[in-house]
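Below: one structure, written as structure tokens.
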Amino acid sequence: MDAQPSPQKPQNISRRQAIAATAAFAGWGLAQSVSGQSTKNTSKASHAFAPPMEGDEYALPPLPYAYDALEPAIDEQTMRLHHDIHFNGYRKGLNKALNELKGLRSGNGSWDMISYWENQLAFNGCGYLLHNVFFANMAPKGSTRPSKWLQGEIEKEFGGMEGLKNHFSSAAKSVQGSGWGVLGYNVGLQRPVVLQVEKHQDQALWGVIPLLVLDVWEHAYYLKYQNKRGDYVKAFWDVVNWDDVAARWEAASHPA
Ligand code: MN
């Protein structure tokens, strides 16, 4: 272990504490919502998963666990680079794009740049949003398990956990180039879907709220797994934070 604060031992914390801790780290006010136990007392999704702010700018949420807490599935060096450098880069890019677009509206700069900044907004905005979910979606191996409620929801659409895992893993493994496997709840279609996203924004679907996302850009796994993306995808399932997935699913499918 390094100098980072160690996560509490999984056997010593309750599900409610785990969710509260996850929510607190990211500035998410999920205190009232505990998935699988209540479907009534749910915060509005837009508030429950609001990102942390620094003034008017989007901030970088700290990891809710130590950098080495996900080993051996994901190694410490990858986590440091991925969270501190790559994730932060998308955050900066999002803030920059928003500021530049605000400037254009104020008469600073040229509307000739509109397509460039809209592209930057979509790319970095989607990158920031997905990384927010990705790091919160994980927890030390064995610290959470799918609740009965979550298992029921998965059963309804995917025929069970194996159906979801096979679908999601196949999508993630076969992304062309850089992208994501995404399990999301589509509020327009009122159902969960699995998407195969390229870059951060391509092949998305309007109305999808991400529930469980897996980054398959090379920066997410290449130090440890090199070209073996499939091994990384398989190991990911060991460190899924099912409490976080359930909280997002509940908030998306039962908006207050
Ligand atoms: Mn990434």
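Identifiers for the structure tokens are assigned positionally: chains receive A, B, ... in sequence, residues are indexed from 1 per chain, and ligands are indexed from 1 in the order shown.
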
**OP:** Show me which residues sit within 12 Å of ligand 1 when counting only C-alpha atoms and all ligand atoms, and put them as JSON, numbers by chain.
**Re:** {"A": [78, 79, 80, 81, 82, 83, 84, 85, 86, 87, 88, 89, 90, 91, 124, 126, 127, 128, 129, 130, 131, 132, 133, 134, 135, 178, 179, 180, 181, 199, 200, 213, 214, 215, 216, 217, 218, 219, 220, 221, 222]}

**OP:** Please return as a PyMOL selection string: the residues of stretch 162-248 of chain A that backbone DSSP assigns to strand (DSSP E).
**Re:** chain A and resi 179-186+191-198+208-215

Okay, now the selection with C-alpha atoms, as a PDB file, in the first residue's frame?
```
ATOM      1  CA  GLY A 179     -14.037   3.574 -26.840  1.00  0.00           C
ATOM      2  CA  TRP A 180     -16.281   2.180 -24.157  1.00  0.00           C
ATOM      3  CA  GLY A 181     -18.657  -0.580 -23.256  1.00  0.00           C
ATOM      4  CA  VAL A 182     -21.712   1.083 -21.729  1.00  0.00           C
ATOM      5  CA  LEU A 183     -24.703  -0.268 -19.844  1.00  0.00           C
ATOM      6  CA  GLY A 184     -27.199   2.562 -19.633  1.00  0.00           C
ATOM      7  CA  TYR A 185     -30.811   3.214 -18.840  1.00  0.00           C
ATOM      8  CA  ASN A 186     -32.602   5.005 -21.646  1.00  0.00           C
ATOM      9  CA  ARG A 191     -35.350   0.341 -20.779  1.00  0.00           C
ATOM     10  CA  PRO A 192     -31.719  -0.558 -20.214  1.00  0.00           C
ATOM     11  CA  VAL A 193     -29.445  -0.873 -23.240  1.00  0.00           C
ATOM     12  CA  VAL A 194     -25.845  -1.901 -23.896  1.00  0.00           C
ATOM     13  CA  LEU A 195     -23.908   0.379 -26.219  1.00  0.00           C
ATOM     14  CA  GLN A 196     -20.592   0.064 -28.016  1.00  0.00           C
ATOM     15  CA  VAL A 197     -19.238   3.605 -27.904  1.00  0.00           C
ATOM     16  CA  GLU A 198     -16.364   4.829 -30.075  1.00  0.00           C
ATOM     17  CA  VAL A 208     -29.077   7.128 -22.044  1.00  0.00           C
ATOM     18  CA  ILE A 209     -27.977   7.574 -18.434  1.00  0.00           C
ATOM     19  CA  PRO A 210     -24.779   5.540 -17.894  1.00  0.00           C
ATOM     20  CA  LEU A 211     -25.040   2.865 -15.197  1.00  0.00           C
ATOM     21  CA  LEU A 212     -21.909   0.772 -15.749  1.00  0.00           C
ATOM     22  CA  VAL A 213     -19.139   1.798 -18.125  1.00  0.00           C
ATOM     23  CA  LEU A 214     -15.828   0.235 -19.102  1.00  0.00           C
ATOM     24  CA  ASP A 215     -13.048   2.292 -20.629  1.00  0.00           C
TER      25      ASP A 215
END
```

Original post:
Excluding same-chain residues fewer than 2 positions from A:Val240, what lies within 8 Å of it counting only C-alpha atoms, as an NGL selection string?
Top reply: :A and (137-139 or 141 or 144 or 236-238 or 242)

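Computed from the coordinates, the atom CA of A:Ala97 to atom CA of A:Gly177 distance equals 24.3 Å.
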
Original post:
Any idea what the distance is between atom CA of A:Ile154 and atom CA of A:Trp249?
Top reply: 10.3 Å

**OP:** Can you pull out every residue within 10 Å of A:Glu76, counting only C-alpha atoms, but drop anything in the same chain fewer than 3 positions away, and send it as number ranges by chain?
**Re:** A: 1-2, 66-73, 79-82, 224

Subject >> DSSP-assigned alpha helix (DSSP H) among stretch 35-233 of chain A, expressed as a PyMOL selection string >> reply: chain A and resi 45-48+76-80+88-105+114-136+148-158+161-173+222-225+229-233
